[in-house]
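Peer 1: Below is input-v4.pdb; it holds PDB, C-alpha atoms.
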ATOM      1  CA  MET P   1     -66.734 226.578 162.400  1.00  0.00           C
ATOM      2  CA  VAL P   2     -66.201 227.425 166.055  1.00  0.00           C
ATOM      3  CA  THR P   3     -62.813 225.709 166.163  1.00  0.00           C
ATOM      4  CA  GLY P   4     -61.775 226.938 162.711  1.00  0.00           C
ATOM      5  CA  ASP P   5     -61.927 223.510 161.039  1.00  0.00           C
ATOM      6  CA  ALA P   6     -64.731 224.629 158.703  1.00  0.00           C
ATOM      7  CA  SER P   7     -65.118 227.886 156.828  1.00  0.00           C
ATOM      8  CA  LEU P   8     -67.965 230.279 157.531  1.00  0.00           C
ATOM      9  CA  LYS P   9     -68.627 230.095 153.791  1.00  0.00           C
ATOM     10  CA  ASN P  10     -70.012 226.580 154.388  1.00  0.00           C
ATOM     11  CA  LEU P  11     -72.964 228.100 156.253  1.00  0.00           C
ATOM     12  CA  SER P  12     -76.129 227.979 154.147  1.00  0.00           C
ATOM     13  CA  GLY P  13     -79.440 229.716 154.525  1.00  0.00           C
ATOM     14  CA  PRO P  14     -82.961 229.242 153.230  1.00  0.00           C
ATOM     15  CA  ILE P  15     -82.122 229.935 149.576  1.00  0.00           C
ATOM     16  CA  ASN P  16     -79.461 227.226 149.411  1.00  0.00           C
ATOM     17  CA  ILE P  17     -81.619 224.791 151.400  1.00  0.00           C
ATOM     18  CA  ALA P  18     -84.481 225.316 148.927  1.00  0.00           C
ATOM     19  CA  GLN P  19     -82.136 224.692 145.986  1.00  0.00           C
ATOM     20  CA  TYR P  20     -80.858 221.454 147.540  1.00  0.00           C
ATOM     21  CA  ALA P  21     -84.416 220.400 148.325  1.00  0.00           C
ATOM     22  CA  GLY P  22     -85.328 220.862 144.660  1.00  0.00           C
ATOM     23  CA  ASP P  23     -82.264 218.885 143.591  1.00  0.00           C
ATOM     24  CA  SER P  24     -83.105 216.043 145.982  1.00  0.00           C
ATOM     25  CA  VAL P  25     -86.721 215.907 144.773  1.00  0.00           C
ATOM     26  CA  SER P  26     -85.493 215.382 141.222  1.00  0.00           C
ATOM     27  CA  LEU P  27     -83.512 212.346 142.454  1.00  0.00           C
ATOM     28  CA  GLY P  28     -86.587 210.665 143.953  1.00  0.00           C
ATOM     29  CA  LEU P  29     -88.534 210.223 147.158  1.00  0.00           C
ATOM     30  CA  VAL P  30     -85.841 208.486 149.228  1.00  0.00           C
ATOM     31  CA  PRO P  31     -83.113 211.123 148.607  1.00  0.00           C
ATOM     32  CA  PHE P  32     -85.660 213.862 149.374  1.00  0.00           C
ATOM     33  CA  LEU P  33     -86.664 212.214 152.661  1.00  0.00           C
ATOM     34  CA  GLN P  34     -82.981 211.763 153.544  1.00  0.00           C
ATOM     35  CA  PHE P  35     -82.415 215.448 152.848  1.00  0.00           C
ATOM     36  CA  LEU P  36     -85.369 216.392 155.072  1.00  0.00           C
ATOM     37  CA  ALA P  37     -83.983 214.183 157.850  1.00  0.00           C
ATOM     38  CA  ILE P  38     -80.580 215.885 157.658  1.00  0.00           C
ATOM     39  CA  VAL P  39     -82.181 219.340 157.759  1.00  0.00           C
ATOM     40  CA  SER P  40     -84.332 218.342 160.753  1.00  0.00           C
ATOM     41  CA  ILE P  41     -81.354 216.936 162.662  1.00  0.00           C
ATOM     42  CA  SER P  42     -79.307 220.047 161.878  1.00  0.00           C
ATOM     43  CA  LEU P  43     -82.069 222.318 163.162  1.00  0.00           C
ATOM     44  CA  GLY P  44     -82.393 220.202 166.302  1.00  0.00           C
ATOM     45  CA  ILE P  45     -78.678 220.493 167.007  1.00  0.00           C
ATOM     46  CA  LEU P  46     -78.753 224.232 166.299  1.00  0.00           C
ATOM     47  CA  ASN P  47     -81.649 224.585 168.727  1.00  0.00           C
ATOM     48  CA  LEU P  48     -79.525 223.019 171.491  1.00  0.00           C
ATOM     49  CA  LEU P  49     -76.789 225.660 171.251  1.00  0.00           C
ATOM     50  CA  PRO P  50     -76.446 227.514 174.567  1.00  0.00           C
ATOM     51  CA  ILE P  51     -77.911 230.735 173.157  1.00  0.00           C
ATOM     52  CA  PRO P  52     -80.518 232.121 175.581  1.00  0.00           C
ATOM     53  CA  VAL P  53     -83.445 232.424 173.142  1.00  0.00           C
ATOM     54  CA  LEU P  54     -83.032 228.778 172.059  1.00  0.00           C
ATOM     55  CA  ASP P  55     -83.818 225.640 174.061  1.00  0.00           C
ATOM     56  CA  GLY P  56     -80.115 225.146 174.782  1.00  0.00           C
ATOM     57  CA  GLY P  57     -80.087 228.580 176.388  1.00  0.00           C
ATOM     58  CA  HIS P  58     -82.974 227.616 178.641  1.00  0.00           C
ATOM     59  CA  LEU P  59     -81.071 224.479 179.611  1.00  0.00           C
ATOM     60  CA  LEU P  60     -78.071 226.693 180.379  1.00  0.00           C
ATOM     61  CA  TYR P  61     -80.248 228.849 182.644  1.00  0.00           C
ATOM     62  CA  PHE P  62     -81.464 225.708 184.430  1.00  0.00           C
ATOM     63  CA  VAL P  63     -77.876 224.518 184.959  1.00  0.00           C
ATOM     64  CA  ILE P  64     -76.877 227.925 186.331  1.00  0.00           C
ATOM     65  CA  GLU P  65     -79.923 227.881 188.598  1.00  0.00           C
ATOM     66  CA  GLY P  66     -78.994 224.397 189.815  1.00  0.00           C
ATOM     67  CA  ILE P  67     -75.431 225.459 190.611  1.00  0.00           C
ATOM     68  CA  ARG P  68     -76.410 228.745 192.268  1.00  0.00           C
ATOM     69  CA  GLY P  69     -79.456 227.362 194.041  1.00  0.00           C
ATOM     70  CA  LYS P  70     -81.564 230.293 192.834  1.00  0.00           C
ATOM     71  CA  PRO P  71     -82.611 231.624 189.438  1.00  0.00           C
ATOM     72  CA  LEU P  72     -80.759 234.363 187.585  1.00  0.00           C
ATOM     73  CA  SER P  73     -82.149 237.824 188.051  1.00  0.00           C
ATOM     74  CA  GLU P  74     -84.707 238.994 185.547  1.00  0.00           C
ATOM     75  CA  ALA P  75     -82.282 241.676 184.333  1.00  0.00           C
ATOM     76  CA  ALA P  76     -79.611 239.024 183.640  1.00  0.00           C
ATOM     77  CA  GLN P  77     -82.120 236.860 181.779  1.00  0.00           C
ATOM     78  CA  VAL P  78     -83.302 239.818 179.672  1.00  0.00           C
ATOM     79  CA  ALA P  79     -79.706 240.748 178.849  1.00  0.00           C
ATOM     80  CA  GLY P  80     -79.015 237.145 177.855  1.00  0.00           C
ATOM     81  CA  GLN P  81     -82.111 237.082 175.650  1.00  0.00           C
ATOM     82  CA  GLN P  82     -81.047 240.281 173.906  1.00  0.00           C
ATOM     83  CA  ILE P  83     -77.534 238.966 173.298  1.00  0.00           C
ATOM     84  CA  GLY P  84     -79.011 235.689 172.046  1.00  0.00           C
ATOM     85  CA  ILE P  85     -81.300 237.457 169.593  1.00  0.00           C
ATOM     86  CA  LEU P  86     -78.376 239.532 168.334  1.00  0.00           C
ATOM     87  CA  LEU P  87     -76.258 236.396 167.834  1.00  0.00           C
ATOM     88  CA  LEU P  88     -79.070 234.661 165.948  1.00  0.00           C
ATOM     89  CA  LEU P  89     -79.681 237.697 163.741  1.00  0.00           C
ATOM     90  CA  MET P  90     -75.972 237.852 162.923  1.00  0.00           C
ATOM     91  CA  LEU P  91     -75.916 234.120 162.130  1.00  0.00           C
ATOM     92  CA  MET P  92     -79.001 234.406 159.911  1.00  0.00           C
ATOM     93  CA  GLY P  93     -77.563 237.467 158.170  1.00  0.00           C
ATOM     94  CA  LEU P  94     -74.327 235.610 157.432  1.00  0.00           C
ATOM     95  CA  ALA P  95     -76.229 232.587 156.099  1.00  0.00           C
ATOM     96  CA  ILE P  96     -78.374 234.725 153.789  1.00  0.00           C
ATOM     97  CA  TYR P  97     -75.309 236.705 152.665  1.00  0.00           C
ATOM     98  CA  ASN P  98     -73.546 233.431 151.790  1.00  0.00           C
ATOM     99  CA  ASP P  99     -76.620 232.270 149.863  1.00  0.00           C
ATOM    100  CA  LEU P 100     -76.805 235.488 147.873  1.00  0.00           C
ATOM    101  CA  ALA P 101     -73.043 235.448 147.214  1.00  0.00           C
ATOM    102  CA  ARG P 102     -73.332 231.890 145.835  1.00  0.00           C
ATOM    103  CA  LEU P 103     -76.373 232.828 143.759  1.00  0.00           C
ATOM    104  CA  PHE P 104     -75.024 236.027 142.231  1.00  0.00           C
ATOM    105  CA  GLY P 105     -71.261 235.615 142.560  1.00  0.00           C
TER
END
Step by step, read the file and then write its structure as structure tokens.
Peer 2:
Amino acid sequence: MVTGDASLKNLSGPINIAQYAGDSVSLGLVPFLQFLAIVSISLGILNLLPIPVLDGGHLLYFVIEGIRGKPLSEAAQVAGQQIGILLLLMLMGLAIYNDLARLFG
């Protein structure tokens, strides 16, 4: 999605995930467990994005601190957290919008 190889319409939210979970349960235990594994891996990768409120953002702060030799100012960290929350809210809003568009459109 970042490079333009995948459409933003491919992004799914909780409604679509719940539908796929129901579909995988009807196929049996193994497909359901495989589905859960894919969701868990996807969430783990998402959590490593360099967005300040996520773990990847904290790693980014540590890298910056290692390069600079001192931590970022508290004001810079707060600004990063606010931007990170805004980015996550926008991403969640898009995912839920896509889910609702698939459901009703």
Peer 1: If you take every atom of region 60-67 of chain P that the file lists and fit an axis-aligned box around them with 6 Å extra on each side, what centre and edge lengths come out in Å to one decimal, as JSON?
Peer 2:
{"center_x": -78.4, "center_y": 226.6, "center_z": 185.5, "size_x": 18.0, "size_y": 16.5, "size_z": 22.2}
Peer 1: Find, counting all atoms listed in the file, the residue in P:Asn16, P:Ser7, P:Gln77, P:Gln34 that gets nearest to Tyr97 (chain P).
Peer 2: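 Of P:Asn16, P:Ser7, P:Gln77, P:Gln34, the one nearest Tyr97 (chain P), counting all atoms listed in the file, is P:Asn16.
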Peer 1: Name the residues that the PyMOL selection byres ((chain P and resi 100) around 12) picks from the file above, as a compact mmCIF listing (two decimals) with C-alpha atoms, in the frame of the given file, using the file's chain letters and numbers.
Peer 2:
# COMPACT_ATOMS: atom_id res chain seq x y z
CA LYS P 9 -68.63 230.10 153.79
CA LEU P 11 -72.96 228.10 156.25
CA SER P 12 -76.13 227.98 154.15
CA GLY P 13 -79.44 229.72 154.52
CA PRO P 14 -82.96 229.24 153.23
CA ILE P 15 -82.12 229.94 149.58
CA ASN P 16 -79.46 227.23 149.41
CA GLY P 93 -77.56 237.47 158.17
CA LEU P 94 -74.33 235.61 157.43
CA ALA P 95 -76.23 232.59 156.10
CA ILE P 96 -78.37 234.72 153.79
CA TYR P 97 -75.31 236.70 152.66
CA ASN P 98 -73.55 233.43 151.79
CA ASP P 99 -76.62 232.27 149.86
CA ALA P 101 -73.04 235.45 147.21
CA ARG P 102 -73.33 231.89 145.84
CA LEU P 103 -76.37 232.83 143.76
CA PHE P 104 -75.02 236.03 142.23
CA GLY P 105 -71.26 235.62 142.56
Peer 1: Specify as a PyMOL selection string each residue included when the PyMOL selection byres ((chain P and resi 35-48) around 9) is applied to this file.
Peer 2: chain P and resi 17+20-21+24+30-34+49-51+54-57+59
Peer 1: Applying the PyMOL selection byres ((chain P and resi 61) around 12) to the file I just gave you, which residues come out? Please list them as a PyMOL selection string.
Peer 2: chain P and resi 50-60+62-74+76-78+80-81
Peer 1: Mind giving me the straight-line distance from CA of Leu91 (chain P) to CA of Ala6 (chain P) in Å, one decimal?
Peer 2: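 Those two atoms sit 15.1 Å apart.
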Peer 1: How many Å lie between CA of Leu88 (chain P) and CA of Thr3 (chain P), rounded to one decimal?
Peer 2: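 The value is 18.6 Å.
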Peer 1: Report, in Å with one decimal, the straight-line distance from CA of Ala18 (chain P) to CA of Leu87 (chain P).
Peer 2: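 CA of Leu87 (chain P) lies at a distance of 23.4 Å from CA of Ala18 (chain P).
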Peer 1: Could I get region 18-39 of chain P rebuilt with N, CA and C atoms, written as a PDB file, in the coordinates of the input?
Peer 2:
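Once everything was written out, this is part16.pdb:
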ATOM      1  N   ALA P  18     -83.417 225.524 149.917  1.00  0.00           N
ATOM      2  CA  ALA P  18     -84.481 225.316 148.927  1.00  0.00           C
ATOM      3  C   ALA P  18     -83.916 224.748 147.628  1.00  0.00           C
ATOM      4  N   GLN P  19     -82.750 225.225 147.211  1.00  0.00           N
ATOM      5  CA  GLN P  19     -82.136 224.692 145.986  1.00  0.00           C
ATOM      6  C   GLN P  19     -81.791 223.211 146.150  1.00  0.00           C
ATOM      7  N   TYR P  20     -81.197 222.854 147.295  1.00  0.00           N
ATOM      8  CA  TYR P  20     -80.858 221.454 147.540  1.00  0.00           C
ATOM      9  C   TYR P  20     -82.114 220.592 147.660  1.00  0.00           C
ATOM     10  N   ALA P  21     -83.161 221.148 148.232  1.00  0.00           N
ATOM     11  CA  ALA P  21     -84.416 220.400 148.325  1.00  0.00           C
ATOM     12  C   ALA P  21     -84.943 220.097 146.930  1.00  0.00           C
ATOM     13  N   GLY P  22     -84.898 221.080 146.041  1.00  0.00           N
ATOM     14  CA  GLY P  22     -85.328 220.862 144.660  1.00  0.00           C
ATOM     15  C   GLY P  22     -84.482 219.816 143.968  1.00  0.00           C
ATOM     16  N   ASP P  23     -83.165 219.879 144.191  1.00  0.00           N
ATOM     17  CA  ASP P  23     -82.264 218.885 143.591  1.00  0.00           C
ATOM     18  C   ASP P  23     -82.578 217.484 144.107  1.00  0.00           C
ATOM     19  N   SER P  24     -82.841 217.367 145.409  1.00  0.00           N
ATOM     20  CA  SER P  24     -83.105 216.043 145.982  1.00  0.00           C
ATOM     21  C   SER P  24     -84.449 215.493 145.519  1.00  0.00           C
ATOM     22  N   VAL P  25     -85.429 216.365 145.290  1.00  0.00           N
ATOM     23  CA  VAL P  25     -86.721 215.907 144.773  1.00  0.00           C
ATOM     24  C   VAL P  25     -86.544 215.293 143.391  1.00  0.00           C
ATOM     25  N   SER P  26     -85.692 215.907 142.578  1.00  0.00           N
ATOM     26  CA  SER P  26     -85.493 215.382 141.222  1.00  0.00           C
ATOM     27  C   SER P  26     -84.819 214.007 141.231  1.00  0.00           C
ATOM     28  N   LEU P  27     -84.165 213.658 142.345  1.00  0.00           N
ATOM     29  CA  LEU P  27     -83.512 212.346 142.454  1.00  0.00           C
ATOM     30  C   LEU P  27     -84.468 211.258 142.933  1.00  0.00           C
ATOM     31  N   GLY P  28     -85.609 211.654 143.494  1.00  0.00           N
ATOM     32  CA  GLY P  28     -86.587 210.665 143.953  1.00  0.00           C
ATOM     33  C   GLY P  28     -87.023 210.900 145.380  1.00  0.00           C
ATOM     34  N   LEU P  29     -87.942 210.071 145.828  1.00  0.00           N
ATOM     35  CA  LEU P  29     -88.534 210.223 147.158  1.00  0.00           C
ATOM     36  C   LEU P  29     -87.530 209.938 148.273  1.00  0.00           C
ATOM     37  N   VAL P  30     -86.775 208.861 148.152  1.00  0.00           N
ATOM     38  CA  VAL P  30     -85.841 208.486 149.228  1.00  0.00           C
ATOM     39  C   VAL P  30     -84.763 209.555 149.433  1.00  0.00           C
ATOM     40  N   PRO P  31     -84.098 210.055 148.381  1.00  0.00           N
ATOM     41  CA  PRO P  31     -83.113 211.123 148.607  1.00  0.00           C
ATOM     42  C   PRO P  31     -83.743 212.383 149.210  1.00  0.00           C
ATOM     43  N   PHE P  32     -84.976 212.690 148.813  1.00  0.00           N
ATOM     44  CA  PHE P  32     -85.660 213.862 149.374  1.00  0.00           C
ATOM     45  C   PHE P  32     -85.934 213.668 150.862  1.00  0.00           C
ATOM     46  N   LEU P  33     -86.407 212.487 151.247  1.00  0.00           N
ATOM     47  CA  LEU P  33     -86.664 212.214 152.661  1.00  0.00           C
ATOM     48  C   LEU P  33     -85.369 212.212 153.471  1.00  0.00           C
ATOM     49  N   GLN P  34     -84.283 211.712 152.865  1.00  0.00           N
ATOM     50  CA  GLN P  34     -82.981 211.763 153.544  1.00  0.00           C
ATOM     51  C   GLN P  34     -82.540 213.210 153.743  1.00  0.00           C
ATOM     52  N   PHE P  35     -82.753 214.033 152.735  1.00  0.00           N
ATOM     53  CA  PHE P  35     -82.415 215.448 152.848  1.00  0.00           C
ATOM     54  C   PHE P  35     -83.221 216.107 153.965  1.00  0.00           C
ATOM     55  N   LEU P  36     -84.524 215.826 154.015  1.00  0.00           N
ATOM     56  CA  LEU P  36     -85.369 216.392 155.072  1.00  0.00           C
ATOM     57  C   LEU P  36     -84.906 215.942 156.456  1.00  0.00           C
ATOM     58  N   ALA P  37     -84.479 214.685 156.564  1.00  0.00           N
ATOM     59  CA  ALA P  37     -83.983 214.183 157.850  1.00  0.00           C
ATOM     60  C   ALA P  37     -82.723 214.932 158.275  1.00  0.00           C
ATOM     61  N   ILE P  38     -81.822 215.161 157.340  1.00  0.00           N
ATOM     62  CA  ILE P  38     -80.580 215.885 157.658  1.00  0.00           C
ATOM     63  C   ILE P  38     -80.883 217.310 158.088  1.00  0.00           C
ATOM     64  N   VAL P  39     -81.811 217.974 157.393  1.00  0.00           N
ATOM     65  CA  VAL P  39     -82.181 219.340 157.759  1.00  0.00           C
ATOM     66  C   VAL P  39     -82.814 219.362 159.151  1.00  0.00           C
TER      67      VAL P  39
END
